[in-house]
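Enquirer: The structure file structure_10.txt (compact mmCIF, C-alpha atoms) is provided below.
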```txt
# COMPACT_ATOMS: atom_id res chain seq x y z
CA MET A 1 11.67 11.26 -17.16
CA ALA A 2 8.11 11.26 -18.49
CA GLY A 3 5.86 8.23 -18.11
CA PRO A 4 4.48 6.46 -21.19
CA LEU A 5 1.02 8.06 -20.77
CA GLU A 6 2.15 11.65 -20.23
CA GLY A 7 -0.33 14.05 -21.80
CA ILE A 8 -3.33 11.72 -21.44
CA LEU A 9 -6.17 13.27 -19.42
CA ILE A 10 -8.50 10.83 -17.68
CA ALA A 11 -11.86 11.87 -16.27
CA ASP A 12 -12.44 9.29 -13.56
CA PHE A 13 -16.09 8.99 -12.56
CA SER A 14 -15.53 5.57 -10.97
CA ARG A 15 -15.51 4.57 -7.33
CA ILE A 16 -14.91 1.65 -4.96
CA LEU A 17 -12.30 -0.71 -6.47
CA ALA A 18 -12.26 -1.82 -10.11
CA GLY A 19 -12.28 1.66 -11.65
CA PRO A 20 -10.03 3.39 -9.09
CA TYR A 21 -7.52 0.53 -9.32
CA ALA A 22 -7.44 0.92 -13.12
CA THR A 23 -6.98 4.68 -12.98
CA MET A 24 -4.26 4.40 -10.34
CA LEU A 25 -2.26 2.15 -12.67
CA LEU A 26 -2.78 4.66 -15.49
CA ALA A 27 -1.74 7.54 -13.22
CA ASP A 28 1.43 5.68 -12.27
CA MET A 29 2.22 5.52 -15.99
CA GLY A 30 1.98 9.28 -16.35
CA ALA A 31 -1.70 9.96 -17.11
CA ASP A 32 -3.34 13.02 -15.52
CA VAL A 33 -6.23 11.47 -13.60
CA VAL A 34 -8.98 13.72 -12.26
CA LYS A 35 -10.99 11.79 -9.68
CA VAL A 36 -14.58 13.03 -9.61
CA GLU A 37 -16.26 12.27 -6.28
CA GLY A 38 -19.67 12.98 -4.88
CA PRO A 39 -19.98 15.38 -1.92
CA ARG A 40 -19.47 12.52 0.55
CA GLY A 41 -16.50 11.11 -1.33
CA ASP A 42 -15.62 7.65 -2.57
CA ASP A 43 -17.19 4.97 -0.37
CA THR A 44 -13.80 3.42 0.36
CA ARG A 45 -12.77 6.54 2.29
CA SER A 46 -14.98 5.20 5.10
CA TRP A 47 -14.10 1.50 4.77
CA THR A 48 -12.26 1.06 8.04
CA PRO A 49 -10.37 -0.37 9.85
CA PRO A 50 -7.44 -0.33 9.23
CA VAL A 51 -6.45 3.31 8.95
CA ARG A 52 -3.30 5.40 8.57
CA ASP A 53 -3.45 8.88 10.09
CA GLY A 54 -7.21 8.57 10.21
CA VAL A 55 -7.58 7.63 6.53
CA SER A 56 -8.76 4.24 5.27
CA THR A 57 -5.84 2.15 4.04
CA TYR A 58 -8.26 0.63 1.51
CA TYR A 59 -8.70 4.07 -0.07
CA LEU A 60 -4.98 4.86 0.17
CA GLY A 61 -4.07 1.64 -1.62
CA ILE A 62 -5.87 2.44 -4.90
CA ASN A 63 -5.94 6.23 -5.30
CA ARG A 64 -2.42 7.62 -5.53
CA GLY A 65 -1.44 9.86 -8.40
CA LYS A 66 -4.84 11.55 -8.79
CA ARG A 67 -6.39 14.97 -8.33
CA SER A 68 -9.76 15.11 -6.59
CA ILE A 69 -12.75 17.31 -7.28
CA ALA A 70 -16.07 16.89 -5.49
CA LEU A 71 -19.06 17.42 -7.78
CA ASP A 72 -22.72 16.99 -6.94
CA LEU A 73 -23.99 15.94 -10.35
CA ARG A 74 -27.57 16.67 -9.23
CA ASP A 75 -26.55 20.32 -9.26
CA GLU A 76 -26.57 21.67 -12.82
CA ALA A 77 -23.51 23.85 -12.31
CA ASP A 78 -21.50 20.89 -11.05
CA ALA A 79 -22.87 18.65 -13.81
CA ALA A 80 -21.74 21.24 -16.35
CA LEU A 81 -18.22 21.07 -14.90
CA GLY A 82 -18.35 17.28 -15.18
CA ARG A 83 -19.42 17.53 -18.82
CA GLU A 84 -16.63 19.99 -19.55
CA LEU A 85 -14.10 17.66 -17.98
CA ALA A 86 -15.41 14.80 -20.13
CA ARG A 87 -15.24 17.03 -23.22
CA ARG A 88 -11.57 17.71 -22.62
CA ALA A 89 -10.61 14.18 -21.58
CA ASP A 90 -8.83 11.58 -23.65
CA VAL A 91 -10.44 8.88 -21.49
CA VAL A 92 -13.63 8.81 -19.45
CA ILE A 93 -14.06 5.89 -17.08
CA GLU A 94 -17.17 5.17 -15.03
CA ASN A 95 -18.74 2.30 -13.13
CA PHE A 96 -22.29 3.54 -12.57
CA LYS A 97 -25.15 1.15 -13.25
CA PRO A 98 -25.92 1.27 -16.98
CA GLY A 99 -27.92 4.42 -17.69
CA GLY A 100 -26.94 6.03 -14.39
CA LEU A 101 -25.15 8.96 -16.03
CA ASP A 102 -27.69 9.60 -18.79
CA LYS A 103 -29.61 12.29 -16.90
CA TYR A 104 -26.42 14.29 -16.37
CA GLY A 105 -25.40 14.28 -20.02
CA LEU A 106 -22.42 12.08 -19.17
CA ASP A 107 -23.47 8.95 -21.04
CA PHE A 108 -21.37 7.70 -23.95
CA ASP A 109 -23.51 9.20 -26.73
CA SER A 110 -23.61 12.64 -25.10
CA VAL A 111 -19.90 12.70 -24.31
CA ARG A 112 -18.98 11.44 -27.76
CA ALA A 113 -21.09 14.10 -29.43
CA ALA A 114 -18.95 16.76 -27.76
CA ASN A 115 -15.69 14.77 -27.85
CA PRO A 116 -15.61 12.38 -30.84
CA SER A 117 -12.14 11.04 -30.07
CA VAL A 118 -12.92 10.07 -26.48
CA VAL A 119 -12.24 6.58 -25.16
CA TYR A 120 -15.27 6.02 -22.94
CA THR A 121 -14.85 3.10 -20.57
CA SER A 122 -17.68 1.51 -18.62
CA ILE A 123 -17.21 -1.11 -15.90
CA THR A 124 -20.39 -2.93 -14.87
CA GLY A 125 -21.30 -6.04 -12.96
CA PHE A 126 -23.13 -7.90 -15.70
CA GLY A 127 -22.96 -5.84 -18.88
CA SER A 128 -25.33 -3.38 -20.52
CA GLY A 129 -27.87 -5.95 -21.80
CA ALA A 130 -30.23 -8.16 -19.83
CA GLY A 131 -28.04 -7.92 -16.71
CA ARG A 132 -27.91 -4.12 -16.66
CA HIS A 133 -30.26 -3.84 -13.67
CA VAL A 134 -28.22 -6.12 -11.39
CA PRO A 135 -25.76 -4.36 -9.03
CA GLY A 136 -22.21 -5.59 -9.42
CA TYR A 137 -20.21 -6.54 -6.34
CA ASP A 138 -17.21 -8.81 -6.36
CA LEU A 139 -18.61 -11.20 -3.76
CA MET A 140 -21.74 -11.68 -5.85
CA VAL A 141 -19.66 -12.46 -8.92
CA GLN A 142 -17.44 -14.88 -7.04
CA ALA A 143 -20.62 -16.76 -6.18
CA MET A 144 -22.41 -16.43 -9.51
CA SER A 145 -19.40 -17.20 -11.72
CA GLY A 146 -18.65 -20.51 -10.00
CA LEU A 147 -15.40 -19.47 -8.28
CA MET A 148 -16.79 -20.12 -4.81
CA SER A 149 -17.85 -23.61 -5.88
CA LEU A 150 -14.16 -24.28 -6.59
CA THR A 151 -12.80 -22.76 -3.36
CA GLY A 152 -12.63 -24.59 -0.07
CA ASP A 153 -12.41 -28.16 1.19
CA PRO A 154 -14.24 -30.80 -0.85
CA ASP A 155 -16.55 -31.63 2.06
CA GLY A 156 -16.83 -28.09 3.39
CA PRO A 157 -18.78 -24.99 2.34
CA PRO A 158 -17.76 -22.86 -0.65
CA TYR A 159 -15.51 -19.89 0.18
CA ARG A 160 -14.81 -16.50 -1.32
CA ALA A 161 -11.26 -15.66 -2.30
CA GLY A 162 -9.35 -13.57 0.23
CA ILE A 163 -9.43 -10.49 -2.01
CA SER A 164 -11.92 -8.94 -4.43
CA VAL A 165 -10.22 -10.85 -7.20
CA PHE A 166 -12.66 -10.03 -10.01
CA ASP A 167 -12.72 -6.31 -9.23
CA VAL A 168 -8.95 -6.30 -9.62
CA MET A 169 -9.16 -8.45 -12.74
CA ALA A 170 -11.80 -6.18 -14.29
CA GLY A 171 -9.65 -3.16 -13.46
CA ASN A 172 -6.75 -4.74 -15.30
CA HIS A 173 -8.99 -5.58 -18.25
CA ALA A 174 -10.15 -1.95 -18.31
CA VAL A 175 -6.55 -0.78 -18.51
CA ILE A 176 -5.87 -3.18 -21.40
CA GLY A 177 -8.99 -1.99 -23.22
CA ILE A 178 -8.14 1.68 -22.69
CA LEU A 179 -4.60 1.27 -23.99
CA ALA A 180 -5.81 -0.66 -27.04
CA ALA A 181 -8.47 1.99 -27.76
CA LEU A 182 -5.91 4.78 -27.41
CA ARG A 183 -3.70 2.96 -29.92
CA HIS A 184 -6.66 2.78 -32.32
CA ARG A 185 -7.39 6.47 -31.76
CA ASP A 186 -3.79 7.40 -32.48
CA ALA A 187 -3.98 5.48 -35.75
CA THR A 188 -7.43 6.65 -36.90
CA GLY A 189 -8.47 9.64 -34.80
CA GLU A 190 -11.58 7.75 -33.72
CA GLY A 191 -12.73 7.22 -30.18
CA GLN A 192 -14.87 4.34 -29.05
CA ARG A 193 -16.61 2.76 -26.09
CA VAL A 194 -14.81 0.12 -24.05
CA GLU A 195 -17.04 -2.11 -21.91
CA VAL A 196 -15.81 -4.40 -19.14
CA ASN A 197 -18.02 -6.41 -16.80
CA LEU A 198 -17.16 -8.42 -13.72
CA LEU A 199 -18.85 -11.63 -14.81
CA SER A 200 -17.02 -11.81 -18.14
CA SER A 201 -13.75 -11.01 -16.37
CA ALA A 202 -14.53 -13.81 -13.95
CA LEU A 203 -15.29 -16.40 -16.60
CA THR A 204 -12.14 -15.70 -18.59
CA GLY A 205 -10.19 -15.55 -15.32
CA LEU A 206 -11.32 -19.06 -14.37
CA VAL A 207 -9.11 -20.19 -17.31
CA ASN A 208 -8.68 -23.98 -17.19
CA HIS A 209 -11.92 -24.44 -15.26
CA SER A 210 -13.83 -22.37 -17.83
CA SER A 211 -12.22 -24.36 -20.61
CA ALA A 212 -13.08 -27.64 -18.89
CA PHE A 213 -16.74 -26.71 -19.22
CA ALA A 214 -16.70 -24.83 -22.54
CA ALA A 215 -14.51 -27.31 -24.41
CA GLY A 216 -15.04 -30.53 -22.46
CA GLY A 217 -18.51 -30.27 -20.93
CA VAL A 218 -16.98 -30.92 -17.51
CA VAL A 219 -18.18 -29.08 -14.41
CA PRO A 220 -15.14 -28.80 -12.10
CA TYR A 221 -15.58 -29.35 -8.40
CA ARG A 222 -14.03 -28.19 -5.16
CA MET A 223 -10.72 -29.93 -4.40
CA GLY A 224 -9.30 -27.88 -1.55
CA ASN A 225 -5.72 -27.00 -2.44
CA ALA A 226 -5.32 -29.79 -4.98
CA HIS A 227 -5.08 -29.24 -8.73
CA PRO A 228 -7.37 -31.30 -11.00
CA SER A 229 -4.72 -31.90 -13.66
CA VAL A 230 -1.29 -31.73 -11.98
CA PHE A 231 0.36 -33.47 -9.02
CA PRO A 232 2.23 -32.50 -6.91
CA TYR A 233 0.80 -29.01 -7.13
CA GLU A 234 -0.40 -28.21 -3.61
CA PRO A 235 0.77 -27.67 -0.02
CA LEU A 236 2.55 -30.66 1.50
CA PRO A 237 3.53 -31.02 5.17
CA THR A 238 7.17 -30.75 6.23
CA LYS A 239 8.87 -31.03 9.61
CA ASP A 240 7.34 -27.73 10.74
CA ASN A 241 5.03 -26.01 8.20
CA ASP A 242 3.33 -26.77 4.93
CA LEU A 243 5.24 -26.05 1.74
CA ILE A 244 3.82 -25.40 -1.71
CA ILE A 245 5.38 -27.74 -4.29
CA ALA A 246 4.48 -27.20 -7.94
CA ALA A 247 6.31 -29.87 -9.94
CA ALA A 248 4.25 -29.30 -13.08
CA ASN A 249 6.22 -31.41 -15.55
CA ASP A 250 8.19 -34.65 -15.63
CA SER A 251 11.59 -32.96 -15.45
CA GLN A 252 10.65 -30.98 -12.35
CA PHE A 253 9.24 -34.10 -10.71
CA ARG A 254 12.48 -35.98 -11.33
CA LYS A 255 14.46 -33.13 -9.75
CA LEU A 256 12.07 -33.16 -6.79
CA CYS A 257 12.67 -36.85 -6.24
CA GLU A 258 16.42 -36.35 -6.43
CA VAL A 259 16.39 -33.57 -3.82
CA LEU A 260 14.17 -35.67 -1.55
CA GLY A 261 16.57 -38.60 -1.85
CA ILE A 262 14.13 -40.93 -3.65
CA PRO A 263 15.25 -40.80 -7.31
CA GLU A 264 13.81 -44.25 -7.95
CA VAL A 265 10.27 -42.90 -7.51
CA ALA A 266 10.63 -40.89 -10.72
CA ASP A 267 11.17 -44.16 -12.61
CA ASP A 268 8.16 -45.89 -11.10
CA PRO A 269 5.67 -46.41 -13.96
CA ARG A 270 2.86 -45.30 -11.66
CA PHE A 271 4.47 -41.84 -11.42
CA ALA A 272 6.55 -41.49 -14.59
CA ARG A 273 4.25 -39.03 -16.37
CA ASN A 274 2.05 -36.24 -15.10
CA ALA A 275 -1.13 -38.10 -16.01
CA ASP A 276 0.13 -41.11 -14.03
CA ARG A 277 0.96 -38.99 -11.01
CA THR A 278 -2.41 -37.27 -11.10
CA GLU A 279 -4.23 -40.59 -11.30
CA ASN A 280 -2.14 -42.12 -8.51
CA ARG A 281 -1.76 -39.06 -6.31
CA GLU A 282 -3.00 -40.85 -3.18
CA LYS A 283 -0.23 -43.42 -3.57
CA LEU A 284 2.45 -40.84 -4.34
CA ARG A 285 1.62 -38.31 -1.65
CA PRO A 286 2.78 -40.41 1.36
CA LEU A 287 6.09 -41.16 -0.38
CA LEU A 288 6.76 -37.46 -0.68
CA THR A 289 5.55 -36.45 2.77
CA GLU A 290 7.68 -39.13 4.44
CA GLN A 291 10.79 -37.45 3.04
CA LEU A 292 9.57 -33.90 3.56
CA ALA A 293 9.10 -34.60 7.27
CA LYS A 294 12.92 -34.69 7.65
CA ARG A 295 13.40 -30.93 7.20
CA GLY A 296 11.51 -27.67 7.72
CA ALA A 297 9.65 -25.74 5.02
CA VAL A 298 12.19 -22.92 4.62
CA GLU A 299 15.11 -25.35 4.38
CA TRP A 300 13.30 -27.41 1.75
CA PHE A 301 12.38 -24.23 -0.13
CA ASP A 302 16.01 -23.23 -0.54
CA LEU A 303 17.08 -26.73 -1.58
CA LEU A 304 14.24 -27.19 -4.06
CA VAL A 305 14.49 -23.79 -5.69
CA ASP A 306 18.24 -24.19 -6.09
CA ALA A 307 17.52 -27.45 -7.91
CA GLY A 308 14.94 -25.83 -10.17
CA VAL A 309 11.81 -27.18 -8.47
CA PRO A 310 9.06 -24.56 -8.03
CA SER A 311 8.11 -24.30 -4.37
CA GLY A 312 7.31 -21.74 -1.72
CA PRO A 313 6.43 -21.32 1.95
CA ILE A 314 2.92 -20.22 2.89
CA ASN A 315 3.41 -16.70 4.23
CA THR A 316 1.23 -14.13 5.88
CA ILE A 317 1.13 -10.75 4.10
CA ASP A 318 4.17 -9.45 6.00
CA GLY A 319 6.04 -12.54 4.90
CA GLY A 320 5.05 -11.87 1.30
CA PHE A 321 6.52 -8.38 1.49
CA ALA A 322 9.64 -9.79 3.16
CA MET A 323 10.01 -12.30 0.32
CA ALA A 324 9.72 -9.49 -2.23
CA GLU A 325 12.44 -7.59 -0.35
CA ARG A 326 14.62 -10.70 -0.39
CA PHE A 327 14.25 -10.86 -4.16
CA GLU A 328 15.09 -7.14 -4.49
CA LEU A 329 11.64 -6.24 -5.83
CA ASP A 330 11.36 -3.19 -3.51
CA PRO A 331 7.63 -3.74 -2.92
CA ILE A 332 6.88 -0.54 -0.98
CA VAL A 333 7.22 2.98 -2.34
CA GLU A 334 6.46 6.29 -0.67
CA VAL A 335 4.13 8.67 -2.46
CA GLY A 336 4.28 12.36 -1.64
CA GLU A 337 6.56 14.17 0.78
CA GLY A 338 6.67 15.29 4.39
CA GLU A 339 3.57 14.68 6.47
CA ARG A 340 1.68 13.51 3.37
CA ALA A 341 4.20 10.79 2.52
CA THR A 342 2.24 7.56 2.17
CA PRO A 343 3.72 4.06 1.82
CA THR A 344 1.99 2.15 -0.97
CA THR A 345 2.60 -0.99 -3.00
CA ARG A 346 4.85 -0.58 -6.02
CA HIS A 347 3.35 -0.53 -9.52
CA PRO A 348 3.65 -4.06 -10.96
CA ILE A 349 5.26 -3.07 -14.30
CA ARG A 350 8.78 -1.80 -14.81
CA PHE A 351 9.73 0.22 -17.90
CA SER A 352 13.33 0.65 -19.02
CA ALA A 353 12.73 3.91 -20.91
CA THR A 354 9.60 5.47 -19.40
CA PRO A 355 9.50 4.60 -15.70
CA VAL A 356 6.37 4.98 -13.63
CA SER A 357 6.12 7.83 -11.14
CA TYR A 358 4.60 8.33 -7.72
CA ALA A 359 4.24 12.10 -7.61
CA LEU A 360 0.88 12.61 -5.90
CA PRO A 361 -0.33 11.00 -2.68
CA PRO A 362 -3.94 9.78 -2.52
CA PRO A 363 -5.93 13.03 -2.54
CA GLU A 364 -8.12 14.38 0.19
CA LEU A 365 -11.72 14.90 -0.84
CA ASP A 366 -11.91 17.92 -3.20
CA GLU A 367 -8.24 18.67 -2.53
CA HIS A 368 -7.80 20.04 -6.05
CA GLY A 369 -11.35 21.31 -6.45
CA GLU A 370 -10.51 25.02 -6.52
CA GLU A 371 -7.86 24.74 -9.23
CA LEU A 372 -9.95 22.35 -11.30
CA ARG A 373 -13.09 24.48 -11.08
CA LYS A 374 -11.13 27.48 -12.24
CA TRP A 375 -9.59 25.53 -15.12
CA LEU A 376 -12.86 23.97 -16.25
CA GLY A 377 -14.92 27.10 -15.65
CA GLN A 378 -12.84 29.19 -18.05
CA SER A 379 -14.27 27.40 -21.06
CA LEU A 380 -17.78 27.46 -19.66
CA LEU A 381 -17.46 31.23 -19.38
CA GLY A 382 -16.12 31.42 -22.90
CA ASP A 383 -12.73 32.95 -22.06
CA GLY A 384 -10.52 29.89 -21.81
CA ASN A 385 -8.90 27.34 -24.03
CA ALA A 386 -10.38 23.92 -24.65
```
Could you spell out this file's structure in structure tokens?
Expert:
Amino acid sequence: MAGPLEGILIADFSRILAGPYATMLLADMGADVVKVEGPRGDDTRSWTPPVRDGVSTYYLGINRGKRSIALDLRDEADAALGRELARRADVVIENFKPGGLDKYGLDFDSVRAANPSVVYTSITGFGSGAGRHVPGYDLMVQAMSGLMSLTGDPDGPPYRAGISVFDVMAGNHAVIGILAALRHRDATGEGQRVEVNLLSSALTGLVNHSSAFAAGGVVPYRMGNAHPSVFPYEPLPTKDNDLIIAAANDSQFRKLCEVLGIPEVADDPRFARNADRTENREKLRPLLTEQLAKRGAVEWFDLLVDAGVPSGPINTIDGGFAMAERFELDPIVEVGEGERATPTTRHPIRFSATPVSYALPPPELDEHGEELRKWLGQSLLGDGNA
């Protein structure tokens, strides 16, 4: 059964993470993604360890479903192939520094002149205005956006998140923008430029903290694992390991107290409402931890979830996959067949009518170069179809 984006050709001039992650999601949904790489390939091919069969697992994790062609855009013949690919494409996506593709005739204005209906998507660090000259790396944006000031112990140093969270977020925003622009194109026939930058993705992704400043003039501060507006909403110690408890409303807190065997605490005026609990968290916390010390984290998890109280053990990555298996989410899928079969993480969206597919394993550098050069070269020679 065809995916929802079958028939959409994507010329992918992006590399590293945000762009390749976006185009992988689009490929899963049926788009034909042609990954254009320089002669040395995407940088993540060499980001090791870890590896699988000598290939970076970083690269493998964000490049399934694509065909690869290696083009040296400094060579006019290769640049011409890149321009022809962009002319044919429904979507062009790139994450060069602003202006970096101008000299190859692959900037938005040049591509649009040859392909008026194109959706041209640019991912940058800091936009195409005054921040255009600043390189965009996730770690920089975690620092510059304020995220690191919110991450870590109150008395300790700021920390980065454990993943490149804003690269992933920007990749998701790029997908949203592309799909919206394709909808507009279907309705009007008009293409357009879609711009995503890491800093804007970061600021919107900081959600309540961004709103605290924008709407309230409040600069949030580092609180470790605590939440500034909700309690309990953090790890709490049990008999063996810490357990996340997220009783975010009065009803959930009452259920928590009942499971812990202290129903009277829910009626205490110091803790009756969320605002009260947040204000008096240092008085409430020992009452909860005294009861939690009677059982282990996994036992409490089962009891609390059965009672409708959000909670969860703190797993390592293997434990996270095991939890997904327990919930029948089938988190790992194999892409490709035989020796090329590659385990990867399942696409996060499920469609009832147009399921995603995992037809192509992450490509080797220039794996599809011969077929793509032949296909693109036909038009350049004047004897092929556009």
Enquirer: Give me the residues within 6 Å of A:Ile123 as a PDB file with C-alpha atoms, in the coordinates of the input, counting all atoms listed in the file and dropping any in the same chain fewer than 4 places off.
Expert:
```
ATOM      1  CA  ASN A  95     -18.740   2.300 -13.130  1.00  0.00           C
ATOM      2  CA  VAL A 196     -15.810  -4.400 -19.140  1.00  0.00           C
ATOM      3  CA  ASN A 197     -18.020  -6.410 -16.800  1.00  0.00           C
TER       4      ASN A 197
END
```
Enquirer: Given the choices A:Ala248, A:Leu203, A:Leu284, A:Val36, which gets closest to A:Val265 if the distance is worked out from only C-alpha atoms?
Expert: A:Leu284
Enquirer: What does the distance from atom CA of A:Gly152 to atom CA of A:Tyr221 come to in Å, to one decimal?
Expert: 10.0 Å
Enquirer: Go ahead and compute the interatomic distance for atom CA of A:Gly261 and atom CA of A:Gln291, in Å to one decimal.
Expert: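 Between atom CA of A:Gly261 and atom CA of A:Gln291 the gap is 7.7 Å.
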Enquirer: Pick out the residues sitting within 6 Å of stretch 109-122 of chain A, and hand them over as a list in words; count all atoms listed in the file, and ignore anything fewer than 5 positions along from it in its own chain.
Expert: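 Final neighbour list, sorted by chain and number: Arg87, Asp90, Val91, Val92, Ile93, Glu94, Asn95, Glu190, Gly191, Gln192, Arg193, Val194 and Glu195 of chain A.
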Enquirer: Neighbours of A:Thr124 within 12 Å (only C-alpha atoms; same-chain residues fewer than 6 positions away dropped), as a PyMOL selection string?
Expert: chain A and resi 14-15+17-19+93-100+131-138+141+166-167+170-171+174+194-201
Enquirer: Quick one: of A:Gly82, A:Gly3, A:Pro343, A:Pro232, who's nearest to A:Pro310, counting all atoms listed in the file?
Expert: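 Between A:Gly82, A:Gly3, A:Pro343, A:Pro232, the residue approaching A:Pro310 most closely is A:Pro232.
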Enquirer: Between atom CA of A:Leu139 and atom CA of A:Pro235, what distance in Å does the model show, to one decimal?
Expert: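 Atom CA of A:Pro235 lies 25.7 Å from atom CA of A:Leu139.
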Enquirer: Taking only C-alpha atoms into account, which of A:Thr48, A:Gly54, A:Ala86, A:Gln378 comes nearest A:Phe13?
Expert: A:Ala86
Enquirer: Using all atoms listed in the file, which residue out of A:Pro237, A:Pro20, A:Pro263, A:Pro355 lies closest to A:Val175?
Expert: A:Pro20
Enquirer: In terms of the shortest atom-to-atom distance over all atoms listed in the file, which of A:Val165, A:Ala181, A:Ala359, A:Leu372 is closest to A:Asn63?
Expert: A:Ala359
Enquirer: List the neighbours of A:Val259 out to 10 Å using only C-alpha atoms; skip same-chain residues closer than 5 positions along the sequence, and give me the result as a list in words.
Expert: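 Skipping anything fewer than 5 positions along the chain leaves Phe253, Arg254, Gln291, Trp300, Leu303, Leu304, Asp306, Ala307 and Val309 of chain A.
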Enquirer: Fewer than 3 positions away in the same chain doesn't count, so skip those; otherwise give me all residues within 12 Å of A:Gly308, counting all atoms listed in the file, as a ChimeraX atom specification.
Expert: /A:245-249,251-259,301-305,311
Enquirer: With distances taken over all atoms listed in the file, which residue among A:Val335, A:Glu325, A:His347, A:Asn241 lies nearest A:Val298?
Expert: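 Comparing A:Val335, A:Glu325, A:His347, A:Asn241 against A:Val298, the winner is A:Asn241.
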